[in-house]
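J.: Data file entry-v5.txt (compact mmCIF, C-alpha atoms and all ligand atoms) is appended below.
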# COMPACT_ATOMS: atom_id res chain seq x y z
CA MET A 149 -62.34 8.25 28.04
CA PRO A 150 -63.48 4.77 26.93
CA ALA A 151 -67.12 3.88 27.53
CA SER A 152 -67.30 2.96 31.16
CA THR A 153 -69.78 2.63 33.96
CA SER A 154 -67.30 4.13 36.38
CA SER A 155 -65.33 7.34 36.51
CA SER A 156 -62.18 5.37 37.39
CA GLY A 157 -62.25 3.50 34.06
CA LEU A 158 -60.81 0.48 35.83
CA ALA A 159 -62.03 -2.85 34.48
CA ILE A 160 -62.75 -3.95 38.04
CA HIS A 161 -65.29 -1.08 38.17
CA GLY A 162 -66.83 -2.00 34.81
CA GLY A 163 -64.42 -0.08 32.58
CA ARG A 164 -62.71 -1.43 29.49
CA PRO A 165 -59.71 -3.68 30.27
CA VAL A 166 -56.26 -2.66 29.05
CA ARG A 167 -56.30 -5.61 26.68
CA PRO A 168 -59.17 -7.68 25.27
CA THR A 169 -57.53 -11.10 25.86
CA TYR A 170 -56.08 -12.59 29.05
CA LEU A 171 -52.30 -12.58 29.34
CA PRO A 172 -51.19 -15.47 31.59
CA TYR A 173 -48.21 -15.05 33.95
CA GLY A 174 -46.49 -18.03 32.36
CA ARG A 175 -47.04 -20.33 29.41
CA GLN A 176 -45.07 -23.28 28.02
CA GLN A 177 -43.79 -23.22 24.47
CA VAL A 178 -44.09 -26.50 22.56
CA THR A 179 -42.72 -26.45 19.01
CA GLU A 180 -43.30 -28.79 16.09
CA GLU A 181 -39.77 -30.12 16.77
CA ASP A 182 -40.82 -31.03 20.31
CA VAL A 183 -43.89 -32.84 18.96
CA GLN A 184 -41.75 -34.80 16.49
CA ALA A 185 -39.29 -35.80 19.23
CA VAL A 186 -42.13 -37.16 21.36
CA ALA A 187 -43.80 -38.89 18.39
CA ALA A 188 -40.52 -40.68 17.58
CA VAL A 189 -40.44 -42.16 21.09
CA LEU A 190 -44.07 -43.25 20.81
CA ARG A 191 -43.17 -45.16 17.62
CA SER A 192 -40.08 -46.74 19.22
CA ASP A 193 -39.68 -49.84 21.41
CA TYR A 194 -39.08 -47.93 24.63
CA LEU A 195 -41.64 -45.71 26.30
CA THR A 196 -39.59 -45.79 29.51
CA THR A 197 -36.09 -46.94 30.66
CA GLY A 198 -34.91 -46.56 27.07
CA PRO A 199 -32.17 -44.48 25.45
CA GLU A 200 -33.86 -41.06 25.72
CA VAL A 201 -33.38 -40.78 29.48
CA PRO A 202 -29.55 -40.95 29.40
CA SER A 203 -29.52 -38.59 26.39
CA PHE A 204 -31.58 -36.07 28.32
CA GLU A 205 -29.36 -36.52 31.38
CA ALA A 206 -26.23 -35.85 29.32
CA ALA A 207 -27.76 -32.67 27.82
CA LEU A 208 -28.84 -31.43 31.25
CA ALA A 209 -25.48 -32.19 32.87
CA SER A 210 -23.87 -30.13 30.15
CA ALA A 211 -26.33 -27.22 30.69
CA ALA A 212 -25.71 -27.30 34.46
CA GLY A 213 -21.94 -27.71 34.17
CA THR A 214 -21.81 -30.98 36.14
CA PRO A 215 -20.48 -34.43 35.24
CA ARG A 216 -23.74 -36.17 36.15
CA ALA A 217 -27.49 -35.64 36.03
CA VAL A 218 -30.07 -38.13 37.28
CA ALA A 219 -33.55 -37.65 35.79
CA CYS A 220 -36.69 -38.48 37.76
CA SER A 221 -40.44 -38.05 37.76
CA ASN A 222 -40.73 -34.46 39.06
CA GLY A 223 -38.89 -31.75 40.94
CA THR A 224 -40.27 -32.83 44.31
CA ALA A 225 -39.02 -36.39 43.72
CA ALA A 226 -35.64 -34.86 42.78
CA LEU A 227 -35.44 -33.08 46.15
CA ASP A 228 -36.49 -36.27 47.93
CA LEU A 229 -33.94 -38.40 46.02
CA MET A 230 -31.12 -35.95 46.70
CA LEU A 231 -31.81 -35.76 50.44
CA ARG A 232 -32.38 -39.52 50.71
CA ALA A 233 -29.14 -40.34 48.89
CA LEU A 234 -27.15 -38.08 51.24
CA ARG A 235 -28.17 -40.34 54.18
CA LEU A 236 -28.17 -37.58 56.78
CA PRO A 237 -28.83 -38.74 60.36
CA PRO A 238 -32.53 -38.61 61.31
CA GLY A 239 -33.42 -35.30 62.95
CA SER A 240 -30.65 -33.42 61.16
CA GLU A 241 -31.40 -29.79 60.42
CA VAL A 242 -31.46 -28.31 56.94
CA VAL A 243 -31.27 -24.53 56.72
CA THR A 244 -33.49 -23.14 53.97
CA THR A 245 -35.51 -20.11 52.90
CA PRO A 246 -39.11 -19.50 53.93
CA LEU A 247 -39.82 -17.81 50.57
CA THR A 248 -40.18 -20.87 48.36
CA PHE A 249 -42.64 -23.43 47.09
CA VAL A 250 -43.61 -25.83 49.89
CA ALA A 251 -41.88 -28.75 48.13
CA THR A 252 -38.44 -27.46 49.21
CA ALA A 253 -39.20 -27.87 52.91
CA ASN A 254 -41.53 -30.84 52.49
CA ALA A 255 -38.69 -32.92 51.02
CA CYS A 256 -36.83 -32.50 54.34
CA LEU A 257 -39.86 -33.82 56.22
CA TYR A 258 -40.14 -36.89 53.94
CA ASN A 259 -36.63 -37.81 55.07
CA GLY A 260 -37.01 -37.23 58.80
CA LEU A 261 -35.04 -33.98 58.56
CA ARG A 262 -35.99 -30.65 60.11
CA PRO A 263 -36.26 -27.63 57.83
CA VAL A 264 -34.90 -24.60 59.70
CA PHE A 265 -35.80 -21.34 58.02
CA ALA A 266 -33.45 -18.37 57.71
CA ASP A 267 -34.82 -15.00 56.65
CA ILE A 268 -34.34 -13.56 53.17
CA ASP A 269 -32.57 -10.50 51.85
CA PRO A 270 -35.33 -8.21 50.48
CA ASP A 271 -32.95 -6.98 47.75
CA THR A 272 -32.61 -10.43 46.19
CA LEU A 273 -35.54 -12.40 47.68
CA ASN A 274 -32.96 -15.13 48.35
CA ILE A 275 -31.75 -16.52 51.67
CA ASN A 276 -29.57 -14.01 53.51
CA PRO A 277 -26.21 -15.76 54.08
CA ASP A 278 -25.76 -14.00 57.46
CA GLU A 279 -29.17 -15.24 58.60
CA ALA A 280 -28.30 -18.73 57.35
CA ALA A 281 -25.10 -18.64 59.44
CA ARG A 282 -27.09 -17.61 62.53
CA ARG A 283 -29.36 -20.67 62.18
CA VAL A 284 -26.54 -23.24 62.10
CA THR A 285 -26.45 -25.54 65.15
CA PRO A 286 -24.51 -28.74 65.90
CA ARG A 287 -27.42 -30.64 64.30
CA THR A 288 -27.25 -28.74 60.98
CA LYS A 289 -26.07 -30.91 58.11
CA ALA A 290 -27.04 -28.99 54.99
CA ILE A 291 -28.05 -25.65 53.50
CA LEU A 292 -30.78 -25.99 50.88
CA ALA A 293 -30.67 -22.76 48.87
CA VAL A 294 -33.36 -21.68 46.39
CA HIS A 295 -32.54 -19.37 43.48
CA PHE A 296 -35.75 -17.35 43.79
CA GLY A 297 -37.38 -16.69 40.43
CA GLY A 298 -34.07 -17.55 38.73
CA LEU A 299 -31.73 -15.12 40.52
CA PRO A 300 -28.75 -17.12 41.84
CA VAL A 301 -28.06 -17.14 45.56
CA LYS A 302 -24.85 -15.58 46.88
CA ALA A 303 -22.72 -18.55 45.85
CA ALA A 304 -19.38 -17.49 47.34
CA ALA A 305 -20.84 -16.62 50.77
CA LEU A 306 -22.86 -19.83 51.01
CA ARG A 307 -19.98 -22.01 49.79
CA ASP A 308 -17.73 -20.44 52.44
CA LEU A 309 -20.34 -20.98 55.14
CA ALA A 310 -20.85 -24.61 54.13
CA GLU A 311 -17.15 -25.28 54.04
CA ASP A 312 -16.52 -23.51 57.32
CA LYS A 313 -19.23 -25.47 59.16
CA GLY A 314 -18.80 -28.78 57.35
CA LEU A 315 -22.25 -28.68 55.73
CA HIS A 316 -23.54 -29.83 52.35
CA LEU A 317 -24.54 -26.91 50.16
CA LEU A 318 -27.57 -28.02 48.12
CA GLU A 319 -29.49 -26.09 45.47
CA ASP A 320 -33.20 -26.18 44.74
CA ALA A 321 -32.64 -24.84 41.24
CA ALA A 322 -36.23 -25.37 40.02
CA HIS A 323 -36.38 -21.72 38.86
CA ALA A 324 -32.88 -21.25 37.62
CA LEU A 325 -31.83 -23.52 34.78
CA GLY A 326 -29.49 -21.43 32.64
CA ALA A 327 -28.64 -18.89 35.36
CA ARG A 328 -25.05 -18.16 36.41
CA SER A 329 -23.30 -16.84 39.47
CA GLY A 330 -19.75 -15.73 38.74
CA PRO A 331 -17.82 -18.80 37.62
CA PHE A 332 -20.68 -21.17 38.51
CA GLN A 333 -23.44 -22.41 36.30
CA VAL A 334 -26.53 -22.91 38.50
CA GLY A 335 -26.61 -26.64 39.27
CA SER A 336 -22.88 -26.82 39.98
CA ILE A 337 -22.59 -24.43 42.96
CA GLY A 338 -22.84 -27.05 45.71
CA LYS A 339 -22.82 -30.77 46.36
CA ALA A 340 -25.99 -31.37 44.31
CA ALA A 341 -28.86 -29.42 42.73
CA THR A 342 -32.44 -30.21 41.79
CA PHE A 343 -34.47 -29.09 38.79
CA SER A 344 -38.16 -29.26 37.86
CA PHE A 345 -39.59 -29.61 34.36
CA HIS A 346 -43.19 -28.83 35.22
CA PRO A 347 -44.82 -26.77 32.42
CA VAL A 348 -44.74 -23.64 34.56
CA LYS A 349 -40.91 -23.82 34.63
CA HIS A 350 -39.00 -22.53 31.62
CA VAL A 351 -38.00 -25.94 30.25
CA THR A 352 -40.67 -28.63 30.46
CA SER A 353 -41.05 -32.36 30.03
CA GLY A 354 -44.73 -32.33 31.08
CA GLU A 355 -43.81 -33.52 34.56
CA GLY A 356 -40.17 -34.19 35.31
CA GLY A 357 -37.21 -33.48 37.52
CA ALA A 358 -33.50 -34.14 37.88
CA VAL A 359 -30.56 -33.88 40.25
CA THR A 360 -27.17 -32.70 39.03
CA THR A 361 -23.95 -33.49 40.88
CA ALA A 362 -20.24 -34.02 40.50
CA ASP A 363 -20.34 -36.86 43.05
CA THR A 364 -20.44 -40.19 41.18
CA GLY A 365 -21.30 -42.20 44.29
CA LEU A 366 -24.24 -39.91 45.03
CA ALA A 367 -25.42 -40.17 41.41
CA GLU A 368 -25.28 -43.99 41.54
CA ALA A 369 -27.24 -44.02 44.80
CA MET A 370 -29.92 -41.81 43.23
CA VAL A 371 -30.14 -44.06 40.14
CA ARG A 372 -30.81 -46.99 42.49
CA LEU A 373 -33.24 -45.11 44.73
CA ARG A 374 -35.33 -43.85 41.80
CA SER A 375 -36.03 -47.48 40.86
CA HIS A 376 -37.00 -49.30 44.09
CA GLY A 377 -33.45 -49.53 45.46
CA ILE A 378 -32.73 -52.28 42.94
CA SER A 379 -29.05 -52.79 42.24
CA VAL A 380 -28.24 -52.86 38.55
CA GLU A 381 -24.78 -54.22 39.37
CA ALA A 382 -26.31 -57.50 40.55
CA ALA A 383 -27.85 -58.16 37.13
CA ARG A 384 -24.54 -57.30 35.44
CA ARG A 385 -22.57 -59.46 37.85
CA HIS A 386 -24.71 -62.48 37.13
CA GLY A 387 -24.35 -61.99 33.40
CA PRO A 388 -26.64 -62.67 30.45
CA THR A 389 -27.40 -66.28 31.45
CA ALA A 390 -29.03 -64.96 34.61
CA GLY A 391 -30.92 -62.14 32.84
CA HIS A 392 -33.85 -62.48 35.20
CA TYR A 393 -31.77 -61.84 38.31
CA TYR A 394 -31.88 -58.62 40.33
CA GLU A 395 -31.43 -57.62 43.92
CA MET A 396 -33.14 -54.93 45.96
CA VAL A 397 -30.51 -53.59 48.33
CA GLU A 398 -32.32 -50.67 49.93
CA LEU A 399 -35.79 -49.13 50.07
CA GLY A 400 -36.37 -46.93 47.03
CA HIS A 401 -39.30 -45.59 45.02
CA ASN A 402 -40.50 -45.57 41.47
CA PHE A 403 -39.38 -42.03 40.63
CA ARG A 404 -38.45 -42.80 37.00
CA MET A 405 -38.84 -40.38 34.12
CA THR A 406 -40.33 -41.85 30.93
CA ASP A 407 -38.61 -41.68 27.55
CA ILE A 408 -41.59 -39.65 26.33
CA GLN A 409 -40.82 -36.98 28.92
CA ALA A 410 -37.06 -37.17 28.36
CA ALA A 411 -37.46 -36.62 24.60
CA LEU A 412 -39.62 -33.55 25.19
CA GLY A 413 -37.18 -32.27 27.80
CA ARG A 414 -34.15 -32.73 25.57
CA SER A 415 -35.83 -31.04 22.63
CA GLN A 416 -36.76 -28.09 24.89
CA LEU A 417 -33.26 -27.92 26.37
CA SER A 418 -31.80 -27.31 22.93
CA ARG A 419 -33.51 -23.87 23.04
CA LEU A 420 -32.44 -22.98 26.59
CA ALA A 421 -29.99 -20.23 25.69
CA ALA A 422 -32.44 -18.45 23.36
CA ASN A 423 -35.22 -18.90 25.91
CA VAL A 424 -33.23 -17.29 28.75
CA ALA A 425 -31.92 -14.54 26.44
CA ARG A 426 -35.49 -13.61 25.46
CA ARG A 427 -36.59 -13.60 29.11
CA ARG A 428 -33.73 -11.27 29.95
CA GLN A 429 -34.80 -8.91 27.13
CA LEU A 430 -38.36 -8.86 28.45
CA ALA A 431 -37.05 -8.19 31.97
CA ASP A 432 -34.96 -5.26 30.68
CA ARG A 433 -38.10 -3.83 29.08
CA TYR A 434 -40.00 -4.11 32.36
CA ARG A 435 -37.07 -2.56 34.23
CA SER A 436 -36.80 0.38 31.87
CA LYS A 437 -40.56 1.11 31.81
CA LEU A 438 -41.77 0.51 35.36
CA GLY A 439 -39.43 2.96 37.04
CA SER A 440 -40.16 3.49 40.71
CA LEU A 441 -43.58 1.79 40.70
CA VAL A 442 -41.98 -1.48 41.73
CA ARG A 443 -38.78 -2.80 43.24
CA PHE A 444 -36.92 -5.44 41.22
CA GLN A 445 -34.63 -8.20 42.46
CA HIS A 446 -31.08 -6.88 42.56
CA GLU A 447 -28.85 -8.66 40.08
CA ALA A 448 -25.26 -8.00 41.13
CA ALA A 449 -22.32 -7.81 38.73
CA GLY A 450 -21.36 -11.29 37.57
CA GLU A 451 -24.80 -12.73 38.26
CA SER A 452 -27.18 -13.75 35.51
CA HIS A 453 -30.88 -14.19 36.31
CA SER A 454 -32.84 -16.75 34.26
CA TYR A 455 -36.25 -15.08 34.88
CA HIS A 456 -38.43 -18.10 35.46
CA LEU A 457 -40.46 -15.50 37.37
CA MET A 458 -40.69 -11.73 37.00
CA SER A 459 -41.38 -11.14 40.69
CA VAL A 460 -41.47 -7.54 41.86
CA GLN A 461 -42.41 -5.75 45.08
CA LEU A 462 -44.90 -2.90 44.93
CA SER A 463 -43.11 0.25 46.02
CA ASN A 464 -44.20 2.63 48.80
CA GLU A 465 -45.90 4.82 46.19
CA TRP A 466 -48.89 2.49 46.13
CA ARG A 467 -51.98 3.56 48.05
CA HIS A 468 -53.57 0.12 47.73
CA PRO A 469 -52.89 -3.24 49.34
CA ARG A 470 -51.33 -5.91 47.14
CA ASP A 471 -54.44 -8.08 46.99
CA ALA A 472 -56.54 -5.14 45.71
CA VAL A 473 -53.89 -4.43 43.07
CA PHE A 474 -53.83 -8.12 42.18
CA ARG A 475 -57.61 -8.19 41.61
CA ALA A 476 -57.60 -4.96 39.62
CA LEU A 477 -54.80 -6.22 37.34
CA ARG A 478 -56.57 -9.54 36.77
CA ALA A 479 -59.67 -7.57 35.74
CA GLU A 480 -57.49 -5.67 33.24
CA ASN A 481 -56.69 -9.11 31.72
CA ILE A 482 -53.17 -9.14 33.14
CA GLY A 483 -52.51 -12.55 34.69
CA VAL A 484 -50.45 -11.62 37.70
CA ASN A 485 -49.69 -14.14 40.43
CA VAL A 486 -48.07 -14.29 43.88
CA HIS A 487 -45.04 -16.45 44.73
CA TYR A 488 -45.17 -17.49 47.57
CA LEU A 489 -46.94 -17.51 50.90
CA PRO A 490 -43.85 -18.08 53.12
CA VAL A 491 -43.66 -21.75 54.08
CA HIS A 492 -43.65 -21.09 57.84
CA LEU A 493 -47.10 -19.47 57.54
CA HIS A 494 -48.83 -22.53 56.07
CA PRO A 495 -51.19 -24.18 58.58
CA TYR A 496 -49.39 -27.54 58.28
CA TYR A 497 -46.08 -25.97 59.33
CA ARG A 498 -47.64 -23.93 62.10
CA GLN A 499 -49.40 -26.98 63.53
CA ASN A 500 -46.63 -29.54 63.10
CA LEU A 501 -43.41 -27.55 63.34
CA GLY A 502 -44.63 -24.79 65.61
CA THR A 503 -43.74 -22.00 63.20
CA ALA A 504 -45.46 -18.66 63.68
CA PRO A 505 -46.03 -15.27 62.05
CA GLY A 506 -43.53 -12.58 63.02
CA THR A 507 -40.49 -14.85 62.99
CA PHE A 508 -39.16 -13.98 59.52
CA PRO A 509 -40.00 -10.30 59.20
CA GLU A 510 -38.29 -9.70 55.85
CA ALA A 511 -40.00 -12.65 54.12
CA GLU A 512 -43.35 -11.62 55.62
CA ALA A 513 -43.01 -7.96 54.65
CA VAL A 514 -41.92 -8.88 51.12
CA TYR A 515 -44.84 -11.28 50.79
CA GLY A 516 -47.26 -8.42 51.42
CA ARG A 517 -45.88 -6.53 48.40
CA LEU A 518 -45.01 -9.34 45.97
CA LEU A 519 -46.48 -9.70 42.53
CA SER A 520 -45.32 -11.97 39.70
CA LEU A 521 -45.80 -10.20 36.38
CA PRO A 522 -46.32 -12.11 33.11
CA MET A 523 -43.04 -13.67 31.90
CA PHE A 524 -42.63 -16.41 29.29
CA HIS A 525 -40.33 -16.56 26.33
CA SER A 526 -42.97 -16.38 23.59
CA MET A 527 -44.28 -13.12 25.12
CA THR A 528 -44.20 -10.03 22.91
CA ASP A 529 -42.91 -6.55 23.70
CA GLN A 530 -46.53 -5.42 23.40
CA ASP A 531 -47.49 -7.86 26.19
CA VAL A 532 -44.94 -6.16 28.46
CA ASP A 533 -46.28 -2.75 27.44
CA ASP A 534 -49.86 -3.84 28.21
CA THR A 535 -48.75 -4.99 31.66
CA VAL A 536 -46.96 -1.69 32.27
CA ALA A 537 -50.03 0.25 31.08
CA ALA A 538 -52.26 -1.75 33.42
CA LEU A 539 -49.95 -1.15 36.41
CA GLU A 540 -49.88 2.59 35.65
CA LYS A 541 -53.65 2.69 35.23
CA VAL A 542 -54.28 0.89 38.52
CA ALA A 543 -51.64 2.94 40.37
CA ALA A 544 -53.32 6.18 39.21
CA ALA A 545 -56.75 5.14 40.50
CA ASN A 546 -57.79 6.76 43.75
CA VAL A 547 -59.87 3.87 45.04
CA LEU A 548 -59.85 0.17 44.41
C1 LIG A 601 -41.76 -26.26 41.06
C2 LIG A 601 -40.89 -26.29 42.24
C3 LIG A 601 -40.58 -27.49 42.92
C4 LIG A 601 -41.27 -28.78 42.63
O1 LIG A 601 -41.20 -29.23 41.33
P1 LIG A 601 -42.34 -30.21 40.77
O2 LIG A 601 -41.76 -30.66 39.47
O3 LIG A 601 -43.60 -29.41 40.61
O4 LIG A 601 -42.50 -31.33 41.74
C5 LIG A 601 -39.67 -27.43 43.96
N1 LIG A 601 -39.12 -26.28 44.35
C6 LIG A 601 -39.40 -25.12 43.75
C7 LIG A 601 -38.73 -23.86 44.22
C8 LIG A 601 -40.31 -25.08 42.70
O5 LIG A 601 -40.64 -23.90 42.14
What does the file become when written as structure tokens?
Ligand SMILES: *Cc1c(COP(=O)(O)O)cnc(C)c1O

T.:
Amino acid sequence: MPASTSSSGLAIHGGRPVRPTYLPYGRQQVTEEDVQAVAAVLRSDYLTTGPEVPSFEAALASAAGTPRAVACSNGTAALDLMLRALRLPPGSEVVTTPLTFVATANACLYNGLRPVFADIDPDTLNINPDEAARRVTPRTKAILAVHFGGLPVKAAALRDLAEDKGLHLLEDAAHALGARSGPFQVGSIGKAATFSFHPVKHVTSGEGGAVTTADTGLAEAMVRLRSHGISVEAARRHGPTAGHYYEMVELGHNFRMTDIQAALGRSQLSRLAANVARRRQLADRYRSKLGSLVRFQHEAAGESHSYHLMSVQLSNEWRHPRDAVFRALRAENIGVNVHYLPVHLHPYYRQNLGTAPGTFPEAEAVYGRLLSLPMFHSMTDQDVDDTVAALEKVAAANVL
């Protein structure tokens, strides 16, 4: 027994933590190459609206398997741009998952659209296609699917549903760059898909986002809307002698990505395959060592998870509530987290959309058992083993 002030030995009771240093749940990796790419932009003539943005867009389109990508300032702006460019009638309904970051549903509200939640499948943590079908009404115009943690949604079922009901299938792919579902690269499953390059995601540009699509008209609309709704065609039409001339043709925003961000993003994207491969190795290690202590997301044949998050559900073997386990693991220097409080339970949604507890029982039950374990591509095998040791230590304790 290590020196301890408690018979349990748990760090939360004054015992020695499983590891001396804190292991975060996620961490960006910035290489010397990334630094050089950014420094080159800083020494160039263009800090923004220069050549790096289209280069990044081309690299991302290729990674997502789509003809076009439109870069913007962050993942929330990407969702907003995508929904705005689709020009859905005000009050239209968008079916989405309650188990996501609030930005997914908020982007509907920015555009006068109503997010309608459909419960998840506890095996995948993704929207249940049967539940999505049940929520479709004559006002539904789109399904906004989230690939939770990086596990792709059931692409075939959702594509069929969208086609059958005449809806747009949209992806919030913030977690899932580099994931695949059967023949589809994530980003090319539906009409359009959004990505985030926040440092917590597995490819970062500091802040950043993008929308991928095969629809050229939609891409052009998003290019305009990310820069005030100013038409670039007008300047071209009037030629070099009228170089000052531009026209604003609709109400847009400044949602532009800088060249500094684009250079960092493109440099990071060049390591995407190795990054996802390493995450998948780490996930295999967790899967082989944690046994029945936790329940993992079910990755079906033909699906490939990108493991932005290593989210697991505590199994029925646990005597302790999730929040007690969470605190005990943090004390062991294991930086666990929880993704997410279901959107319909946030006070804003309850007060303004009339959502209530008890309406999405699967999402709510899962939330009570969820834990995101450390997962980032520079993590070592030993880091996984420390996390496993901490989970076993906490599980064996009689009281927390
Ligand atoms: C991170 C995230 C977003 C928002 O991206 P930002 O770049 O932080 O604005 C949207 N949806 C999901 C599912 C996310 O995880």

J.: With only C-alpha atoms as the counted atoms, please give the residues lying no more than 10 Å from stretch 251-256 of chain A, apart from itself and same-chain residues fewer than 6 positions off, as a tab-separated table (two decimals) with C-alpha atoms, in the frame of the given file.

T.:
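Output file part-v1.tsv is given in full below:
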chain	number	residue	atom	x	y	z
A	223	GLY	CA	-38.89	-31.75	40.94
A	224	THR	CA	-40.27	-32.83	44.31
A	225	ALA	CA	-39.02	-36.39	43.72
A	226	ALA	CA	-35.64	-34.86	42.78
A	227	LEU	CA	-35.44	-33.08	46.15
A	228	ASP	CA	-36.49	-36.27	47.93
A	229	LEU	CA	-33.94	-38.40	46.02
A	230	MET	CA	-31.12	-35.95	46.70
A	231	LEU	CA	-31.81	-35.76	50.44
A	232	ARG	CA	-32.38	-39.52	50.71
A	239	GLY	CA	-33.42	-35.30	62.95
A	240	SER	CA	-30.65	-33.42	61.16
A	241	GLU	CA	-31.40	-29.79	60.42
A	242	VAL	CA	-31.46	-28.31	56.94
A	243	VAL	CA	-31.27	-24.53	56.72
A	244	THR	CA	-33.49	-23.14	53.97
A	245	THR	CA	-35.51	-20.11	52.90
A	262	ARG	CA	-35.99	-30.65	60.11
A	263	PRO	CA	-36.26	-27.63	57.83
A	264	VAL	CA	-34.90	-24.60	59.70
A	265	PHE	CA	-35.80	-21.34	58.02
A	292	LEU	CA	-30.78	-25.99	50.88
A	293	ALA	CA	-30.67	-22.76	48.87
A	294	VAL	CA	-33.36	-21.68	46.39
A	319	GLU	CA	-29.49	-26.09	45.47
A	320	ASP	CA	-33.20	-26.18	44.74
A	322	ALA	CA	-36.23	-25.37	40.02
A	342	THR	CA	-32.44	-30.21	41.79
A	491	VAL	CA	-43.66	-21.75	54.08
A	492	HIS	CA	-43.65	-21.09	57.84
A	497	TYR	CA	-46.08	-25.97	59.33

J.: Could you give me the axis-aligned bounding box of ligand LIG 601 (chain A), with 8 Å of padding per side, as centre plus edge lengths in Å to one decimal, as lines of an AutoDock Vina configuration file?

T.:
center_x = -41.2
center_y = -27.6
center_z = 41.9
size_x = 20.9
size_y = 23.5
size_z = 20.9

J.: Using all atoms listed in the file, determine which residues lie at most 9 Å from A:Ala206, disregarding the query and same-chain residues fewer than 4 positions distant; provide the list as a ChimeraX atom specification.

T.: /A:201-202,210-211,215-217

J.: Write out, as CSV, each residue of stretch 245-348 of chain A that has an atom at most 10 Å from stretch 446-453 of chain A, together with the closest pair of atoms and their distance in Å to one decimal, counting all atoms listed in the file, rows going by chain and rising number.

T.:
residue,atom,partner,partner_atom,distance
A:Pro270,CA,A:His446,CA,9.1
A:Asp271,CA,A:His446,CA,5.5
A:Thr272,CA,A:His446,CA,5.3
A:Leu273,CA,A:His446,CA,8.8
A:His295,CA,A:His453,CA,9.0
A:Phe296,CA,A:His453,CA,9.5
A:Gly297,CA,A:His453,CA,8.1
A:Gly298,CA,A:His453,CA,5.2
A:Leu299,CA,A:His453,CA,4.4
A:Pro300,CA,A:His453,CA,6.6
A:Val301,CA,A:Glu451,CA,9.1
A:Lys302,CA,A:Glu451,CA,9.1
A:Ala303,CA,A:Glu451,CA,9.8
A:His323,CA,A:His453,CA,9.7
A:Ala324,CA,A:His453,CA,7.5
A:Leu325,CA,A:His453,CA,9.5
A:Gly326,CA,A:His453,CA,8.2
A:Ala327,CA,A:His453,CA,5.3
A:Arg328,CA,A:Ser452,CA,5.0
A:Ser329,CA,A:Glu451,CA,4.5
A:Gly330,CA,A:Gly450,CA,4.9
A:Pro331,CA,A:Gly450,CA,8.3
A:Phe332,CA,A:Glu451,CA,9.4
A:Gln333,CA,A:Ser452,CA,9.5
A:Val334,CA,A:Ser452,CA,9.7

J.: Tell me, as number ranges by chain, which residues lie within 10 Å of A:Val189, counting all atoms listed in the file; anything in the same chain fewer than 5 positions away does not count.

T.: A: 184, 194-196, 198-200, 406-412
